[in-house]
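Pasted below: model-v5.cif, mmCIF, C-alpha atoms.
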```
data_final
loop_
_atom_site.label_atom_id
_atom_site.label_comp_id
_atom_site.auth_asym_id
_atom_site.auth_seq_id
_atom_site.Cartn_x
_atom_site.Cartn_y
_atom_site.Cartn_z
CA MET A 1 -81.28 -18.81 301.81
CA GLY A 2 -84.00 -21.42 302.18
CA LYS A 3 -85.10 -24.93 303.11
CA VAL A 4 -84.93 -27.74 300.57
CA LEU A 5 -86.49 -31.20 300.47
CA ILE A 6 -84.65 -33.74 298.29
CA ILE A 7 -86.73 -36.78 297.29
CA GLY A 8 -84.65 -39.73 296.12
CA ALA A 9 -81.66 -41.39 297.79
CA GLY A 10 -79.82 -42.94 294.85
CA GLY A 11 -76.53 -41.81 293.35
CA VAL A 12 -77.91 -38.49 292.12
CA GLY A 13 -79.61 -37.73 295.44
CA THR A 14 -76.32 -38.45 297.20
CA VAL A 15 -74.47 -35.92 295.02
CA VAL A 16 -77.20 -33.28 295.42
CA ALA A 17 -77.11 -33.65 299.22
CA HIS A 18 -73.32 -33.62 299.31
CA LYS A 19 -73.11 -30.41 297.29
CA MET A 20 -75.89 -28.64 299.21
CA VAL A 21 -74.32 -29.38 302.60
CA GLY A 22 -71.30 -27.29 301.61
CA LEU A 23 -73.46 -24.22 300.93
CA PRO A 24 -75.19 -23.29 304.22
CA GLU A 25 -75.49 -19.70 303.04
CA VAL A 26 -77.85 -20.98 300.29
CA PHE A 27 -79.47 -24.05 301.82
CA SER A 28 -80.27 -23.33 305.45
CA GLU A 29 -81.95 -26.69 306.10
CA ILE A 30 -81.82 -29.89 304.08
CA MET A 31 -84.07 -32.94 304.30
CA LEU A 32 -83.43 -36.13 302.32
CA ALA A 33 -86.39 -38.49 301.91
CA SER A 34 -87.04 -41.76 300.11
CA ARG A 35 -89.08 -44.93 300.38
CA THR A 36 -86.22 -46.50 302.37
CA LYS A 37 -85.21 -44.19 305.22
CA SER A 38 -82.12 -46.27 306.04
CA LYS A 39 -80.61 -45.23 302.68
CA CYS A 40 -81.12 -41.57 303.61
CA ASP A 41 -79.61 -42.16 307.05
CA ALA A 42 -76.53 -43.80 305.53
CA ILE A 43 -76.01 -40.89 303.13
CA ALA A 44 -76.45 -38.32 305.91
CA GLU A 45 -74.01 -40.17 308.17
CA LYS A 46 -71.40 -40.51 305.42
CA ILE A 47 -71.58 -36.82 304.52
CA GLY A 48 -71.50 -35.88 308.21
CA GLY A 49 -71.87 -32.50 309.84
CA ASN A 50 -75.42 -33.14 311.11
CA ARG A 51 -76.74 -30.93 308.30
CA ILE A 52 -79.13 -33.45 306.74
CA GLN A 53 -82.46 -34.45 308.24
CA THR A 54 -84.00 -37.67 306.90
CA ALA A 55 -87.50 -39.03 306.40
CA GLN A 56 -89.40 -41.92 304.88
CA VAL A 57 -91.91 -41.20 302.11
CA ASP A 58 -93.61 -43.14 299.34
CA ALA A 59 -93.32 -40.80 296.36
CA ASP A 60 -96.23 -42.60 294.68
CA SER A 61 -98.52 -41.37 297.45
CA VAL A 62 -99.72 -37.75 297.27
CA PRO A 63 -101.10 -37.85 300.86
CA GLN A 64 -97.72 -39.02 302.23
CA LEU A 65 -95.87 -36.38 300.23
CA VAL A 66 -98.26 -33.66 301.38
CA GLU A 67 -97.86 -34.71 305.02
CA LEU A 68 -94.07 -34.61 304.76
CA ILE A 69 -93.98 -31.27 302.92
CA ARG A 70 -96.34 -29.65 305.41
CA SER A 71 -94.27 -30.97 308.29
CA PHE A 72 -90.88 -29.77 306.96
CA GLN A 73 -92.16 -26.67 305.10
CA PRO A 74 -89.46 -26.43 302.42
CA ASP A 75 -89.14 -23.56 299.96
CA LEU A 76 -88.31 -26.02 297.17
CA VAL A 77 -88.75 -29.74 296.47
CA VAL A 78 -85.93 -31.29 294.43
CA ASN A 79 -87.21 -34.46 292.79
CA VAL A 80 -84.48 -36.98 291.97
CA ALA A 81 -86.77 -39.98 292.43
CA LEU A 82 -88.14 -42.05 289.51
CA PRO A 83 -89.67 -40.34 286.45
CA TYR A 84 -92.93 -42.23 287.13
CA GLN A 85 -93.28 -40.16 290.29
CA ASP A 86 -92.99 -36.67 288.79
CA LEU A 87 -96.72 -36.03 288.67
CA THR A 88 -97.50 -37.17 292.21
CA ILE A 89 -94.73 -34.92 293.52
CA MET A 90 -95.99 -32.01 291.41
CA ASP A 91 -99.51 -32.61 292.73
CA ALA A 92 -98.20 -32.53 296.30
CA CYS A 93 -96.30 -29.30 295.60
CA LEU A 94 -99.46 -27.66 294.28
CA GLU A 95 -101.46 -28.81 297.29
CA THR A 96 -98.87 -27.44 299.72
CA GLY A 97 -97.84 -24.30 297.83
CA VAL A 98 -94.18 -25.26 297.27
CA SER A 99 -92.02 -24.85 294.16
CA TYR A 100 -90.56 -27.84 292.30
CA LEU A 101 -87.43 -28.95 290.39
CA ASP A 102 -86.60 -32.23 288.65
CA THR A 103 -83.95 -33.79 286.41
CA ALA A 104 -86.01 -36.07 284.13
CA ASN A 105 -89.41 -35.81 282.50
CA TYR A 106 -92.43 -37.91 283.38
CA GLU A 107 -93.09 -41.21 281.71
CA PRO A 108 -95.95 -43.58 282.46
CA LYS A 109 -94.86 -46.76 284.20
CA GLU A 110 -96.79 -48.95 281.77
CA GLU A 111 -95.31 -47.39 278.61
CA ALA A 112 -91.74 -46.40 277.71
CA LYS A 113 -92.66 -42.99 276.35
CA PHE A 114 -90.74 -39.83 277.22
CA GLU A 115 -92.86 -36.72 276.69
CA TYR A 116 -93.21 -33.38 278.42
CA LYS A 117 -96.91 -33.01 277.64
CA TRP A 118 -98.00 -34.39 281.01
CA GLN A 119 -95.90 -31.91 282.95
CA TRP A 120 -96.48 -28.96 280.61
CA ALA A 121 -100.19 -29.48 281.31
CA TYR A 122 -99.49 -28.25 284.88
CA HIS A 123 -98.31 -24.82 283.67
CA ASP A 124 -101.47 -22.83 284.36
CA ARG A 125 -101.97 -24.36 287.80
CA PHE A 126 -98.41 -23.55 288.90
CA LYS A 127 -98.67 -20.07 287.40
CA GLU A 128 -101.97 -19.31 289.13
CA ALA A 129 -100.49 -20.52 292.43
CA GLY A 130 -97.42 -18.31 291.95
CA LEU A 131 -95.16 -21.37 292.07
CA THR A 132 -92.09 -22.15 289.97
CA ALA A 133 -91.57 -25.59 288.42
CA ILE A 134 -88.14 -26.12 286.84
CA LEU A 135 -88.02 -29.13 284.51
CA GLY A 136 -85.01 -31.14 283.38
CA CYS A 137 -82.19 -29.76 285.53
CA GLY A 138 -79.64 -32.55 285.26
CA PHE A 139 -76.93 -32.71 282.60
CA ASP A 140 -78.87 -34.11 279.67
CA PRO A 141 -81.51 -32.85 279.94
CA GLY A 142 -80.30 -29.80 281.81
CA VAL A 143 -76.82 -28.49 281.10
CA THR A 144 -77.13 -29.39 277.41
CA SER A 145 -80.27 -27.25 277.20
CA ILE A 146 -78.54 -24.40 279.05
CA PHE A 147 -75.54 -24.73 276.71
CA THR A 148 -77.99 -24.28 273.82
CA ALA A 149 -79.59 -21.23 275.46
CA TYR A 150 -76.14 -19.76 276.14
CA ALA A 151 -75.15 -20.28 272.49
CA ALA A 152 -78.39 -18.67 271.28
CA LYS A 153 -77.79 -15.68 273.57
CA HIS A 154 -74.07 -15.10 273.06
CA VAL A 155 -72.77 -16.96 270.00
CA PHE A 156 -75.44 -17.08 267.28
CA ASP A 157 -78.02 -14.82 265.73
CA GLU A 158 -79.81 -18.00 264.68
CA VAL A 159 -79.27 -21.57 265.92
CA GLN A 160 -80.10 -23.93 263.03
CA TYR A 161 -78.52 -27.35 263.59
CA LEU A 162 -78.09 -28.92 267.03
CA ASP A 163 -76.38 -32.21 267.86
CA ILE A 164 -76.12 -33.19 271.52
CA VAL A 165 -73.30 -35.70 272.03
CA ASP A 166 -72.96 -37.86 275.15
CA CYS A 167 -69.91 -40.06 275.62
CA ASN A 168 -69.11 -42.20 278.65
CA ALA A 169 -65.58 -43.49 278.09
CA GLY A 170 -65.36 -44.91 281.59
CA ASP A 171 -64.75 -48.51 282.61
CA HIS A 172 -66.37 -49.90 285.77
CA GLY A 173 -64.96 -53.40 285.41
CA LYS A 174 -68.36 -55.13 285.29
CA ALA A 175 -69.52 -57.40 282.48
CA PHE A 176 -72.76 -55.39 282.29
CA ALA A 177 -74.10 -52.57 284.42
CA THR A 178 -76.10 -49.40 283.90
CA ASN A 179 -74.92 -46.00 285.11
CA PHE A 180 -78.26 -45.05 286.64
CA ASN A 181 -81.47 -46.86 287.56
CA PRO A 182 -81.40 -49.96 285.28
CA GLU A 183 -85.16 -49.92 284.73
CA ILE A 184 -85.10 -46.33 283.46
CA ASN A 185 -81.79 -46.67 281.60
CA ILE A 186 -82.78 -49.79 279.63
CA ARG A 187 -86.22 -48.41 278.77
CA GLU A 188 -84.56 -45.24 277.48
CA VAL A 189 -81.92 -46.78 275.24
CA THR A 190 -84.05 -49.58 273.76
CA GLN A 191 -86.88 -47.37 272.46
CA LYS A 192 -87.05 -46.26 268.83
CA GLY A 193 -84.79 -43.39 267.80
CA LYS A 194 -86.29 -40.02 266.94
CA TYR A 195 -84.93 -36.69 265.76
CA TRP A 196 -86.29 -33.35 264.56
CA GLU A 197 -85.87 -32.22 260.97
CA ASN A 198 -87.83 -29.82 258.74
CA ASP A 199 -90.54 -29.14 261.34
CA ASP A 200 -91.31 -32.80 261.99
CA TRP A 201 -90.14 -35.85 263.92
CA VAL A 202 -88.29 -38.58 262.04
CA LEU A 203 -88.47 -42.08 263.56
CA THR A 204 -85.68 -44.68 263.35
CA GLU A 205 -85.19 -48.21 264.59
CA PRO A 206 -83.21 -48.50 267.86
CA HIS A 207 -79.49 -47.85 267.18
CA GLU A 208 -80.10 -47.86 263.41
CA ILE A 209 -78.07 -44.69 262.77
CA HIS A 210 -74.54 -44.53 264.15
CA LYS A 211 -71.10 -43.18 263.32
CA PRO A 212 -67.74 -42.61 265.05
CA LEU A 213 -67.30 -39.18 266.65
CA ASN A 214 -64.19 -37.74 268.25
CA TYR A 215 -64.50 -36.61 271.87
CA PRO A 216 -62.01 -34.28 273.60
CA ASN A 217 -59.31 -36.09 275.58
CA ILE A 218 -60.96 -39.41 274.65
CA GLY A 219 -60.76 -39.92 270.90
CA PRO A 220 -63.15 -41.66 268.49
CA LYS A 221 -66.14 -43.54 269.90
CA GLU A 222 -69.03 -45.11 268.01
CA SER A 223 -72.04 -42.89 268.66
CA TYR A 224 -75.68 -43.90 268.20
CA LEU A 225 -78.65 -41.67 267.41
CA ILE A 226 -81.30 -42.11 270.11
CA TYR A 227 -84.23 -40.03 271.29
CA HIS A 228 -83.69 -37.85 274.35
CA GLU A 229 -86.29 -35.70 276.05
CA GLU A 230 -84.60 -32.29 275.80
CA LEU A 231 -85.05 -32.34 272.02
CA GLU A 232 -88.79 -31.87 272.53
CA SER A 233 -88.46 -28.70 274.59
CA LEU A 234 -85.50 -27.25 272.67
CA VAL A 235 -87.20 -27.29 269.27
CA LYS A 236 -90.23 -25.67 270.89
CA ASN A 237 -88.26 -22.94 272.65
CA PHE A 238 -85.82 -22.31 269.77
CA PRO A 239 -88.04 -22.45 266.67
CA THR A 240 -85.16 -21.54 264.32
CA ILE A 241 -83.73 -25.05 264.81
CA LYS A 242 -84.00 -26.95 261.53
CA ARG A 243 -82.57 -30.22 262.83
CA ALA A 244 -81.94 -31.51 266.34
CA ARG A 245 -80.41 -34.88 267.20
CA PHE A 246 -79.00 -36.70 270.22
CA TRP A 247 -76.06 -39.12 270.08
CA MET A 248 -74.84 -41.49 272.79
CA THR A 249 -71.86 -43.85 272.84
CA PHE A 250 -72.24 -47.57 273.54
CA GLY A 251 -69.62 -50.30 273.55
CA GLN A 252 -70.24 -53.46 271.53
CA GLU A 253 -70.29 -55.62 274.67
CA TYR A 254 -72.98 -53.39 276.19
CA LEU A 255 -75.09 -53.60 273.02
CA THR A 256 -74.69 -57.39 272.89
CA HIS A 257 -75.92 -57.73 276.47
CA LEU A 258 -78.78 -55.36 275.66
CA ARG A 259 -79.85 -57.46 272.66
CA VAL A 260 -79.80 -60.63 274.74
CA ILE A 261 -81.84 -58.95 277.50
CA GLN A 262 -84.42 -57.88 274.92
CA ASN A 263 -84.45 -61.19 273.06
CA ILE A 264 -85.16 -63.23 276.21
CA GLY A 265 -87.86 -60.83 277.37
CA MET A 266 -86.06 -59.39 280.38
CA ALA A 267 -86.62 -55.81 279.18
CA GLY A 268 -90.38 -56.34 279.32
CA ILE A 269 -92.50 -53.87 281.28
CA GLU A 270 -95.71 -55.92 281.29
CA PRO A 271 -96.32 -58.02 284.43
CA ILE A 272 -96.00 -61.81 284.16
CA MET A 273 -96.92 -64.57 286.61
CA TYR A 274 -94.06 -66.46 288.28
CA GLU A 275 -94.75 -69.07 290.94
CA GLY A 276 -98.11 -67.53 291.68
CA LYS A 277 -96.74 -63.98 291.95
CA GLU A 278 -96.92 -61.10 289.52
CA ILE A 279 -93.52 -59.69 288.57
CA VAL A 280 -92.30 -57.22 285.95
CA PRO A 281 -89.27 -58.66 284.08
CA ILE A 282 -87.29 -55.40 283.93
CA GLN A 283 -87.85 -54.80 287.65
CA PHE A 284 -86.53 -58.29 288.40
CA LEU A 285 -83.53 -57.58 286.16
CA LYS A 286 -82.89 -54.37 288.12
CA ALA A 287 -82.73 -56.44 291.32
CA VAL A 288 -79.95 -58.71 290.00
CA LEU A 289 -77.83 -56.10 288.18
CA PRO A 290 -75.11 -54.12 290.00
CA ASP A 291 -76.37 -51.07 291.89
CA PRO A 292 -75.25 -47.96 289.93
CA GLY A 293 -74.46 -46.32 293.26
CA ASP A 294 -71.81 -48.96 293.94
CA LEU A 295 -69.87 -48.55 290.68
CA GLY A 296 -67.83 -45.49 291.63
CA GLU A 297 -64.99 -47.08 293.57
CA ASN A 298 -63.57 -48.97 290.58
CA TYR A 299 -64.69 -46.61 287.83
CA HIS A 300 -61.93 -45.16 285.64
CA GLY A 301 -62.00 -42.76 282.71
CA GLU A 302 -64.27 -39.83 282.00
CA THR A 303 -67.47 -38.60 280.43
CA SER A 304 -67.69 -35.98 277.70
CA ILE A 305 -71.07 -34.35 277.06
CA GLY A 306 -71.79 -31.30 274.96
CA CYS A 307 -73.54 -29.54 272.12
CA ARG A 308 -72.30 -29.22 268.56
CA ILE A 309 -74.15 -26.34 266.97
CA ARG A 310 -74.24 -24.78 263.51
CA GLY A 311 -76.03 -21.54 262.72
CA LEU A 312 -75.73 -17.95 261.57
CA LYS A 313 -73.73 -15.09 263.03
CA ASP A 314 -73.64 -11.74 261.23
CA GLY A 315 -75.08 -13.44 258.17
CA LYS A 316 -72.31 -16.06 258.00
CA GLU A 317 -72.30 -19.74 258.96
CA HIS A 318 -70.64 -20.42 262.29
CA THR A 319 -69.88 -23.68 264.10
CA TYR A 320 -69.57 -24.06 267.85
CA TYR A 321 -68.81 -26.93 270.21
CA ILE A 322 -69.38 -26.48 273.95
CA TYR A 323 -68.73 -29.39 276.30
CA ASN A 324 -67.75 -30.67 279.73
CA ASN A 325 -65.48 -33.61 280.55
CA CYS A 326 -65.90 -35.19 283.97
CA SER A 327 -63.55 -37.72 285.60
CA HIS A 328 -65.11 -40.74 287.30
CA GLU A 329 -62.19 -40.89 289.73
CA GLU A 330 -62.48 -37.23 290.74
CA ALA A 331 -66.25 -37.47 291.15
CA TYR A 332 -65.79 -40.50 293.41
CA LYS A 333 -63.11 -38.80 295.50
CA GLU A 334 -65.42 -35.88 296.20
CA THR A 335 -68.82 -37.54 296.62
CA GLY A 336 -68.39 -41.32 296.59
CA MET A 337 -70.34 -41.49 293.32
CA GLN A 338 -69.33 -41.99 289.67
CA ALA A 339 -69.39 -39.24 287.06
CA VAL A 340 -72.83 -40.02 285.63
CA SER A 341 -74.44 -39.40 289.03
CA TYR A 342 -72.15 -36.41 289.58
CA THR A 343 -72.97 -34.72 286.28
CA THR A 344 -76.69 -35.05 287.05
CA GLY A 345 -76.55 -34.09 290.73
CA VAL A 346 -74.38 -30.98 290.48
CA PRO A 347 -76.71 -29.21 287.97
CA ALA A 348 -79.73 -30.09 290.15
CA MET A 349 -78.01 -28.39 293.08
CA ILE A 350 -77.14 -25.36 290.96
CA GLY A 351 -80.72 -25.11 289.68
CA ALA A 352 -81.94 -25.17 293.29
CA MET A 353 -79.38 -22.44 294.09
CA MET A 354 -80.68 -20.34 291.18
CA PHE A 355 -84.17 -20.62 292.67
CA MET A 356 -83.08 -19.80 296.22
CA GLN A 357 -81.18 -16.74 294.99
CA GLU A 358 -84.25 -15.68 292.96
CA LYS A 359 -82.29 -15.76 289.72
CA TRP A 360 -84.61 -18.48 288.39
CA LYS A 361 -88.10 -17.68 289.61
CA LYS A 362 -90.91 -17.72 287.09
CA PRO A 363 -94.43 -18.83 288.03
CA GLY A 364 -95.51 -21.75 285.86
CA VAL A 365 -93.84 -24.85 284.46
CA ASN A 366 -90.64 -24.05 282.57
CA ASN A 367 -87.75 -26.01 281.11
CA VAL A 368 -84.27 -24.87 282.10
CA GLU A 369 -83.52 -23.20 278.76
CA GLN A 370 -86.35 -20.72 279.45
CA PHE A 371 -84.28 -19.13 282.24
CA ASP A 372 -81.19 -16.91 281.98
CA PRO A 373 -78.25 -19.28 281.33
CA ASP A 374 -75.50 -16.88 282.49
CA PRO A 375 -75.60 -17.27 286.30
CA PHE A 376 -75.98 -21.05 285.96
CA MET A 377 -73.01 -21.27 283.59
CA GLU A 378 -70.90 -19.30 286.06
CA GLU A 379 -71.72 -21.73 288.86
CA LEU A 380 -70.86 -24.79 286.75
CA ASN A 381 -67.25 -23.61 286.68
CA LYS A 382 -67.22 -23.19 290.46
CA HIS A 383 -68.78 -26.53 291.41
CA GLY A 384 -66.87 -29.18 289.49
CA LEU A 385 -68.26 -29.06 285.95
CA PRO A 386 -66.11 -26.58 283.98
CA TRP A 387 -67.09 -26.05 280.36
CA HIS A 388 -65.02 -25.47 277.25
CA GLU A 389 -65.76 -23.80 273.91
CA LEU A 390 -64.46 -24.39 270.39
CA HIS A 391 -65.38 -22.04 267.54
CA ASN A 392 -65.38 -22.70 263.79
CA VAL A 393 -64.38 -26.35 264.08
CA ASP A 394 -65.40 -29.48 262.17
CA LEU A 395 -68.46 -30.75 264.03
CA GLU A 396 -68.32 -34.14 262.20
CA LEU A 397 -72.11 -34.04 261.87
#
```
Is it possible to express this structure as structure tokens?
Amino acid sequence: MGKVLIIGAGGVGTVVAHKMVGLPEVFSEIMLASRTKSKCDAIAEKIGGNRIQTAQVDADSVPQLVELIRSFQPDLVVNVALPYQDLTIMDACLETGVSYLDTANYEPKEEAKFEYKWQWAYHDRFKEAGLTAILGCGFDPGVTSIFTAYAAKHVFDEVQYLDIVDCNAGDHGKAFATNFNPEINIREVTQKGKYWENDDWVLTEPHEIHKPLNYPNIGPKESYLIYHEELESLVKNFPTIKRARFWMTFGQEYLTHLRVIQNIGMAGIEPIMYEGKEIVPIQFLKAVLPDPGDLGENYHGETSIGCRIRGLKDGKEHTYYIYNNCSHEEAYKETGMQAVSYTTGVPAMIGAMMFMQEKWKKPGVNNVEQFDPDPFMEELNKHGLPWHELHNVDLEL
């Protein structure tokens, strides 16, 4: 049992708070903080039960974060704010002697570049302070990395080929919308593709490589090779991997909108002058697009995310597909959020539970696959994200 501070009041923060409230035996006190306190207040009121305290904090400001952490004195900070803010929150945790968990790796605001090197550089400082930092505890990264660790522990003697597949077959009824923060989402999916093969990274043009893949209970969907951050940590922590790739589905209408946004400069991250004021095009775009937190009510269909793995078992080749399907409608009924927020928020809550129960405590900075996957996997089945396994099947990849 312990106190937890959640930073970030978007869709994921809402799910994390909702799930934690139902576990008073694990989370004795909960505080939800963000730049806009009224968002936190609205979430706390909607969840009810007077279990959630709220606060205002600018997560770009280490002094503000330190003041809040010292005031509330949590055992763990759960960061579901923006990836740009990871390092300031980690700095504040070090200064106050509090452990840390996040769902997405740091990227500099001025450059769309997803790398763990900035956060890994904190390892010695967290270790010397006796503090645990758990990186990438959403679904992807997060559950997909834990699926890989589980497969390496229980299914294979040697994991050799890894394909992470992410399908959102839902329909929100909007002409164009992103399922999480538009600024982060668009930066992520418009960067060059990258995958690991033969001990090196192979670069591709955005969406250059694609093929139809069949997803359980959904059917065939065109899937595009993109770069995703968990590949970097997985090939480091499982050096037997010969090739690691990440695939995500996109509809043609979505890709057409994306091309137009890029072609007219609205995906730009460099400031421009407009009527005497400096604005960043992608931040302006975020302001006019639908709020991802408001998509849930009319969202239908489901997500399907998993790992397709090939490797050796008892000297023979073995194939393995482990996945979760999550219904947008069911996620909304439970938390008021769509499945993309749900599949990120539930694992963050479980990771925090693992820390509170001292099942995941390791001084230093560690990615989720560096912890024991078994207790986490057990909790997934209990908290709305059941997983399924298929052995010796055609992986299509």
The PyMOL selection byres ((chain A and resi 117-129) around 9) resolved against shown file, as a count of residues only
22
For Leu32 of chain A, which residue among A:Leu203, A:Leu82, A:Ile7, A:Met20 is the nearest when counting all atoms listed in the file?
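With all atoms listed in the file as the atom set, the closest residue is A:Ile7.
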Best match for closeness to Ile350 of chain A among A:Asp199, A:Glu183, A:Asp102, A:Asp163, counting only C-alpha atoms:
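Smallest separation from Ile350 of chain A among the options: A:Asp102.
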If you apply the PyMOL selection byres ((chain A and resi 239-249) around 7) to this file, what residues do you get, as JSON, numbers by chain?
{"A": [158, 159, 160, 161, 162, 163, 164, 165, 166, 167, 168, 195, 196, 197, 198, 199, 221, 222, 223, 224, 225, 226, 227, 228, 231, 235, 236, 237, 238, 250, 251]}
Find the residue from A:Glu278, A:Ser233, A:Pro373, A:Asn392 that sits nearest to His154 of chain A; use only C-alpha atoms when measuring.
A:Pro373
May I have a table of the residues of segment 49-142 of chain A lying at most 12 Å from segment 34-41 of chain A, giving each one's closest pair of atoms and their distance in Å to one decimal, counting only C-alpha atoms, ordered by chain and ascending residue number, as CSV?
```
residue,atom,partner,partner_atom,distance
A:Asn50,CA,A:Asp41,CA,10.7
A:Arg51,CA,A:Asp41,CA,11.7
A:Ile52,CA,A:Asp41,CA,8.7
A:Gln53,CA,A:Asp41,CA,8.3
A:Thr54,CA,A:Cys40,CA,5.9
A:Ala55,CA,A:Lys37,CA,5.8
A:Gln56,CA,A:Lys37,CA,4.8
A:Val57,CA,A:Arg35,CA,5.0
A:Asp58,CA,A:Arg35,CA,5.0
A:Ala59,CA,A:Arg35,CA,7.2
A:Asp60,CA,A:Arg35,CA,9.4
A:Ser61,CA,A:Arg35,CA,10.5
A:Gln64,CA,A:Arg35,CA,10.6
A:Leu65,CA,A:Ser34,CA,10.3
A:Leu68,CA,A:Ser34,CA,11.1
A:Val78,CA,A:Ser34,CA,12.0
A:Asn79,CA,A:Ser34,CA,10.3
A:Val80,CA,A:Ser34,CA,9.8
A:Ala81,CA,A:Ser34,CA,7.9
A:Leu82,CA,A:Ser34,CA,10.7
A:Gln85,CA,A:Ser34,CA,11.7
```
Could those residues be written to a file, using C-alpha atoms, as an mmCIF file, in the frame of the given file?
```
data_model
loop_
_atom_site.group_PDB
_atom_site.id
_atom_site.type_symbol
_atom_site.label_atom_id
_atom_site.label_comp_id
_atom_site.auth_asym_id
_atom_site.auth_seq_id
_atom_site.Cartn_x
_atom_site.Cartn_y
_atom_site.Cartn_z
ATOM 1 C CA ASN A 50 -75.420 -33.140 311.110
ATOM 2 C CA ARG A 51 -76.740 -30.930 308.300
ATOM 3 C CA ILE A 52 -79.130 -33.450 306.740
ATOM 4 C CA GLN A 53 -82.460 -34.450 308.240
ATOM 5 C CA THR A 54 -84.000 -37.670 306.900
ATOM 6 C CA ALA A 55 -87.500 -39.030 306.400
ATOM 7 C CA GLN A 56 -89.400 -41.920 304.880
ATOM 8 C CA VAL A 57 -91.910 -41.200 302.110
ATOM 9 C CA ASP A 58 -93.610 -43.140 299.340
ATOM 10 C CA ALA A 59 -93.320 -40.800 296.360
ATOM 11 C CA ASP A 60 -96.230 -42.600 294.680
ATOM 12 C CA SER A 61 -98.520 -41.370 297.450
ATOM 13 C CA GLN A 64 -97.720 -39.020 302.230
ATOM 14 C CA LEU A 65 -95.870 -36.380 300.230
ATOM 15 C CA LEU A 68 -94.070 -34.610 304.760
ATOM 16 C CA VAL A 78 -85.930 -31.290 294.430
ATOM 17 C CA ASN A 79 -87.210 -34.460 292.790
ATOM 18 C CA VAL A 80 -84.480 -36.980 291.970
ATOM 19 C CA ALA A 81 -86.770 -39.980 292.430
ATOM 20 C CA LEU A 82 -88.140 -42.050 289.510
ATOM 21 C CA GLN A 85 -93.280 -40.160 290.290
#
```
Between atom CA of Glu95 of chain A and atom CA of Leu76 of chain A, what distance in Å does the model show, to one decimal?
13.4 Å
Evaluate the PyMOL selection byres ((chain A and resi 252-263) around 12) on the structure here and hand back the selected residues as a ChimeraX atom specification.
/A:171,174-179,182,185-191,206-207,221-224,249-251,264-269,281-282,284-286,289
Serialized selection, C-alpha atoms, as an mmCIF file, keeping the file's coordinate frame:
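The resulting file, result-v8.cif, is shown below:
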```cif
data_model
loop_
_atom_site.group_PDB
_atom_site.id
_atom_site.type_symbol
_atom_site.label_atom_id
_atom_site.label_comp_id
_atom_site.auth_asym_id
_atom_site.auth_seq_id
_atom_site.Cartn_x
_atom_site.Cartn_y
_atom_site.Cartn_z
ATOM 1 C CA ASP A 171 -64.750 -48.510 282.610
ATOM 2 C CA LYS A 174 -68.360 -55.130 285.290
ATOM 3 C CA ALA A 175 -69.520 -57.400 282.480
ATOM 4 C CA PHE A 176 -72.760 -55.390 282.290
ATOM 5 C CA ALA A 177 -74.100 -52.570 284.420
ATOM 6 C CA THR A 178 -76.100 -49.400 283.900
ATOM 7 C CA ASN A 179 -74.920 -46.000 285.110
ATOM 8 C CA PRO A 182 -81.400 -49.960 285.280
ATOM 9 C CA ASN A 185 -81.790 -46.670 281.600
ATOM 10 C CA ILE A 186 -82.780 -49.790 279.630
ATOM 11 C CA ARG A 187 -86.220 -48.410 278.770
ATOM 12 C CA GLU A 188 -84.560 -45.240 277.480
ATOM 13 C CA VAL A 189 -81.920 -46.780 275.240
ATOM 14 C CA THR A 190 -84.050 -49.580 273.760
ATOM 15 C CA GLN A 191 -86.880 -47.370 272.460
ATOM 16 C CA PRO A 206 -83.210 -48.500 267.860
ATOM 17 C CA HIS A 207 -79.490 -47.850 267.180
ATOM 18 C CA LYS A 221 -66.140 -43.540 269.900
ATOM 19 C CA GLU A 222 -69.030 -45.110 268.010
ATOM 20 C CA SER A 223 -72.040 -42.890 268.660
ATOM 21 C CA TYR A 224 -75.680 -43.900 268.200
ATOM 22 C CA THR A 249 -71.860 -43.850 272.840
ATOM 23 C CA PHE A 250 -72.240 -47.570 273.540
ATOM 24 C CA GLY A 251 -69.620 -50.300 273.550
ATOM 25 C CA ILE A 264 -85.160 -63.230 276.210
ATOM 26 C CA GLY A 265 -87.860 -60.830 277.370
ATOM 27 C CA MET A 266 -86.060 -59.390 280.380
ATOM 28 C CA ALA A 267 -86.620 -55.810 279.180
ATOM 29 C CA GLY A 268 -90.380 -56.340 279.320
ATOM 30 C CA ILE A 269 -92.500 -53.870 281.280
ATOM 31 C CA PRO A 281 -89.270 -58.660 284.080
ATOM 32 C CA ILE A 282 -87.290 -55.400 283.930
ATOM 33 C CA PHE A 284 -86.530 -58.290 288.400
ATOM 34 C CA LEU A 285 -83.530 -57.580 286.160
ATOM 35 C CA LYS A 286 -82.890 -54.370 288.120
ATOM 36 C CA LEU A 289 -77.830 -56.100 288.180
#
```
With only C-alpha atoms as the atoms that count, which of A:Leu385, A:Val4, A:Val155, A:Ile184 lies nearest to Pro108 of chain A?
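Residue with the minimum atom-to-atom distance to Pro108 of chain A: A:Ile184.
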Atom CA of Gly384 of chain A and atom CA of Ile89 of chain A are how many Å apart?
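One can read the atom CA of Gly384 of chain A to atom CA of Ile89 of chain A distance as 28.7 Å.
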Which polymer residues have any atom within 12 Å of an atom of Lys316 of chain A, counting all atoms listed in the file, with same-chain residues fewer than 2 positions away left out, as a VMD selection string?
chain A and resid 156 to 159 310 to 314 318 to 319 392
To one decimal place, how far is atom CA of Trp387 of chain A from atom CA of Ile309 of chain A in Å?
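Value for the atom CA of Trp387 of chain A-atom CA of Ile309 of chain A distance: 15.1 Å.
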